[in-house]
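Peer 1: Next comes the structure file coords.txt, holding compact mmCIF, C-alpha atoms.
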```txt
# COMPACT_ATOMS: atom_id res chain seq x y z
CA MET A 13 28.52 60.11 132.21
CA SER A 14 30.66 60.00 129.08
CA VAL A 15 34.02 58.68 127.95
CA HIS A 16 35.39 62.14 128.79
CA ASP A 17 34.97 61.35 132.50
CA PHE A 18 37.82 58.81 132.43
CA THR A 19 41.52 59.40 132.97
CA MET A 20 43.80 56.72 131.61
CA THR A 21 47.51 55.97 131.81
CA ALA A 22 49.27 56.65 128.51
CA ILE A 23 51.83 54.16 127.25
CA ASP A 24 54.60 56.45 128.55
CA GLY A 25 53.15 56.27 132.08
CA THR A 26 51.60 59.74 132.19
CA ALA A 27 47.98 60.36 133.14
CA ARG A 28 45.78 61.33 130.19
CA SER A 29 42.28 62.66 130.60
CA LEU A 30 39.97 61.51 127.84
CA LYS A 31 38.46 64.98 128.17
CA ASP A 32 41.39 65.99 125.96
CA TYR A 33 39.50 64.37 123.08
CA ALA A 34 36.18 66.18 123.63
CA GLY A 35 34.64 67.18 120.30
CA LYS A 36 36.39 64.38 118.42
CA VAL A 37 35.00 61.03 117.31
CA LEU A 38 36.86 58.19 119.02
CA LEU A 39 37.53 54.60 118.05
CA ILE A 40 38.58 52.68 121.17
CA VAL A 41 40.30 49.34 120.52
CA ASN A 42 41.83 46.69 122.78
CA THR A 43 45.01 45.66 120.99
CA ALA A 44 47.67 42.96 121.04
CA SER A 45 51.03 42.58 119.32
CA ALA A 46 51.10 38.79 118.81
CA CYS A 47 47.57 38.12 117.56
CA GLY A 48 46.34 36.90 114.20
CA LEU A 49 44.37 40.16 114.07
CA THR A 50 47.42 42.37 114.75
CA PRO A 51 47.59 43.41 111.06
CA GLN A 52 44.46 45.47 111.81
CA TYR A 53 46.92 48.06 113.13
CA ASP A 54 47.44 49.06 109.47
CA GLY A 55 43.73 49.71 108.96
CA LEU A 56 43.40 51.57 112.25
CA GLU A 57 46.32 53.83 111.36
CA ALA A 58 44.82 54.43 107.89
CA LEU A 59 41.52 55.55 109.42
CA TYR A 60 43.35 57.79 111.89
CA LYS A 61 45.32 59.49 109.11
CA ALA A 62 42.32 59.80 106.79
CA HIS A 63 40.02 61.58 109.26
CA PRO A 64 41.46 64.54 111.21
CA ASP A 65 38.55 64.56 113.69
CA LEU A 66 38.84 60.82 114.42
CA ILE A 67 41.12 59.72 117.23
CA VAL A 68 41.97 56.03 117.51
CA LEU A 69 42.87 55.02 121.07
CA GLY A 70 44.73 51.74 121.49
CA PHE A 71 44.54 49.84 124.78
CA PRO A 72 46.93 46.86 124.88
CA CYS A 73 45.47 43.86 126.66
CA ASN A 74 47.09 40.54 127.57
CA GLN A 75 43.88 38.71 128.55
CA PHE A 76 43.47 36.73 125.33
CA ALA A 77 45.93 33.82 125.02
CA GLY A 78 48.74 36.01 126.42
CA GLN A 79 49.10 37.81 123.08
CA GLU A 80 50.37 41.08 124.58
CA PRO A 81 53.11 39.92 126.99
CA GLY A 82 55.52 42.84 126.55
CA THR A 83 56.13 45.90 128.65
CA GLU A 84 54.65 49.24 127.63
CA LYS A 85 58.05 50.24 126.22
CA GLU A 86 58.21 47.04 124.14
CA ILE A 87 54.63 47.51 122.93
CA ALA A 88 55.30 51.12 121.89
CA LEU A 89 58.46 50.11 120.03
CA PHE A 90 56.68 47.25 118.27
CA CYS A 91 53.80 49.49 117.17
CA GLU A 92 56.18 52.17 115.95
CA THR A 93 58.60 49.93 114.09
CA GLN A 94 56.25 47.26 112.71
CA PHE A 95 53.17 49.38 111.90
CA ALA A 96 54.29 53.05 112.10
CA ILE A 97 51.48 53.72 114.60
CA THR A 98 50.99 57.40 115.39
CA PHE A 99 47.63 57.23 117.19
CA PRO A 100 47.64 57.34 121.01
CA LEU A 101 48.46 54.14 122.87
CA PHE A 102 47.84 53.51 126.54
CA ALA A 103 49.19 51.27 129.27
CA LYS A 104 48.02 47.65 129.33
CA ILE A 105 44.62 47.10 130.88
CA GLU A 106 42.18 44.29 131.46
CA VAL A 107 38.88 44.49 129.60
CA ASN A 108 37.01 41.56 131.19
CA GLY A 109 36.59 39.96 134.60
CA PRO A 110 37.15 41.30 138.10
CA GLY A 111 40.18 43.36 137.02
CA ALA A 112 38.42 45.02 134.08
CA HIS A 113 39.19 48.72 133.83
CA PRO A 114 36.19 50.95 134.66
CA LEU A 115 36.34 52.41 131.13
CA TYR A 116 35.67 48.99 129.64
CA ILE A 117 33.01 48.13 132.20
CA TRP A 118 31.25 51.35 131.19
CA LEU A 119 31.75 50.79 127.44
CA LYS A 120 30.29 47.28 127.58
CA THR A 121 27.27 48.51 129.52
CA GLU A 122 26.58 51.67 127.52
CA THR A 123 27.12 50.53 123.95
CA PRO A 124 23.80 49.86 122.24
CA GLY A 125 23.20 46.69 120.26
CA ALA A 126 23.21 42.93 120.51
CA GLU A 127 26.48 42.74 122.47
CA GLN A 128 25.46 45.25 125.16
CA GLY A 129 26.79 44.13 128.52
CA GLN A 130 28.67 41.16 127.08
CA GLU A 131 32.33 40.48 127.72
CA ILE A 132 34.90 41.39 125.09
CA GLY A 133 35.44 38.32 122.92
CA TRP A 134 39.04 38.84 121.76
CA ASN A 135 41.70 41.37 120.82
CA PHE A 136 40.69 44.22 118.51
CA ALA A 137 37.10 44.73 119.66
CA LYS A 138 36.17 48.27 118.65
CA PHE A 139 33.93 50.94 120.17
CA LEU A 140 32.87 54.00 118.16
CA ILE A 141 32.28 57.05 120.36
CA GLY A 142 30.54 60.23 119.23
CA ARG A 143 31.80 63.77 119.66
CA ASP A 144 29.68 64.00 122.82
CA GLY A 145 31.61 61.11 124.42
CA LYS A 146 28.70 58.68 124.17
CA PRO A 147 29.06 55.22 122.58
CA ILE A 148 27.52 54.82 119.13
CA ALA A 149 28.44 51.25 118.21
CA ARG A 150 30.49 48.20 119.11
CA TYR A 151 32.25 46.06 116.53
CA SER A 152 33.52 42.50 116.61
CA PRO A 153 37.27 41.86 116.72
CA ARG A 154 36.94 40.31 113.25
CA THR A 155 35.41 43.49 111.80
CA VAL A 156 38.27 45.06 109.88
CA PRO A 157 38.68 48.82 110.27
CA SER A 158 37.74 49.63 106.66
CA GLU A 159 34.33 48.01 107.21
CA ILE A 160 33.35 50.69 109.71
CA GLU A 161 34.49 53.70 107.73
CA ALA A 162 30.91 54.59 106.69
CA ASP A 163 29.86 54.64 110.35
CA ILE A 164 32.87 56.81 111.20
CA THR A 165 32.03 59.22 108.37
CA ALA A 166 28.44 59.45 109.63
CA ALA A 167 29.63 60.12 113.19
CA LEU A 168 32.01 62.78 111.95
CA ALA A 169 29.15 64.52 110.10
CA ARG A 170 27.13 64.91 113.33
```
Using structure tokens, write down the structure that the file contains.

Peer 2:
Amino acid sequence: MSVHDFTMTAIDGTARSLKDYAGKVLLIVNTASACGLTPQYDGLEALYKAHPDLIVLGFPCNQFAGQEPGTEKEIALFCETQFAITFPLFAKIEVNGPGAHPLYIWLKTETPGAEQGQEIGWNFAKFLIGRDGKPIARYSPRTVPSEIEADITAALAR
């Protein structure tokens, strides 16, 4: 199994197979518009623009203190107008608990490291996925995007 086996709902409501990103390095992030970490959108967009073979995928989530209460249309507008986001955004999902999306259940189980299998702690947790669709690393919500650029560069070189 790989990330390419999942089909997600894009922020515009259309189905999007993650197979479309085969051969690219992915950075999967659960996002929120009203969070103290929301300024990380700037760093995520910078990484996306700096590396043509890196695709950032944003998954809005309202599970943490209700910090993503808007509709998909409101979220898309916010991301476009406040942060000039051009990377793909998806419909709101849950990342923890009984309603957790299968993608996130899989990511939490398959990502190597100390947090393997643990619940997502907050908005802006990040998962680095290799070109083969397999998880490479998981990063804390407090890890700013620029701090993982070396890992991204290494994944891109593979």

Peer 1: Applying 9 Å and all atoms listed in the file, which residues near stretch 59-73 of chain A remain after dropping the ones on its own chain fewer than 5 positions away? List them as a ChimeraX atom specification.

Peer 2: /A:23,33,35-45,54,78-81,84,87,98-107,135,157-158,161,164-165,168

Peer 1: What does the structure give for the distance between atom CA of A:Pro110 and atom CA of A:Glu131, in Å to one decimal?

Peer 2: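 Spanning atom CA of A:Pro110 to atom CA of A:Glu131 is a straight-line distance of 11.5 Å.
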
Peer 1: Please, what distance in Å, to one decimal, runs between atom CA of A:Gly82 and atom CA of A:Gln130?

Peer 2: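 Computing the Euclidean distance for atom CA of A:Gly82 and atom CA of A:Gln130 yields 26.9 Å.
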
Peer 1: I'd like to know which of A:Ala58, A:Leu140, A:Ala169, A:Ile160 is closest to A:Ala96, using all atoms listed in the file.

Peer 2: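 Going through A:Ala58, A:Leu140, A:Ala169, A:Ile160 one by one, the smallest distance to A:Ala96 is for A:Ala58.
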
Peer 1: Find the residues near A:Glu122: any atom within 10 Å, counting only C-alpha atoms, skip ones fewer than 6 places away on the same chain, and give them as a PyMOL selection string.

Peer 2: chain A and resi 13-14+116+128-129+146-150

Peer 1: Give me, please, the distance in Å between atom CA of A:Glu159 and atom CA of A:Gln52, quoted to one decimal.

Peer 2: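 Pair atom CA of A:Glu159 / atom CA of A:Gln52 returns 11.4 Å.
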
Peer 1: List the spatial neighbours of A:Asn108 as a list in words - criterion: any atom at most 8 Å away, only C-alpha atoms, same-chain residues fewer than 3 positions off excluded.

Peer 2: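 Once the adjacent positions are removed, what remains is Gln75, Gly111, Ala112, His113, Tyr116, Ile117, Glu131 and Ile132 of chain A.
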
Peer 1: Select, from A:Asp144, A:Arg170, A:Thr50, A:Pro114, the residue with the minimum atom-to-atom distance to A:Phe18, counting only C-alpha atoms.

Peer 2: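 Closest to A:Phe18 of all the choices is A:Pro114.
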
Peer 1: Find the residue from A:Cys91, A:Leu115, A:Ala137, A:Ala162 that sits nearest to A:Pro51; use only C-alpha atoms when measuring.

Peer 2: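 Closest residue, counting only C-alpha atoms: A:Cys91.
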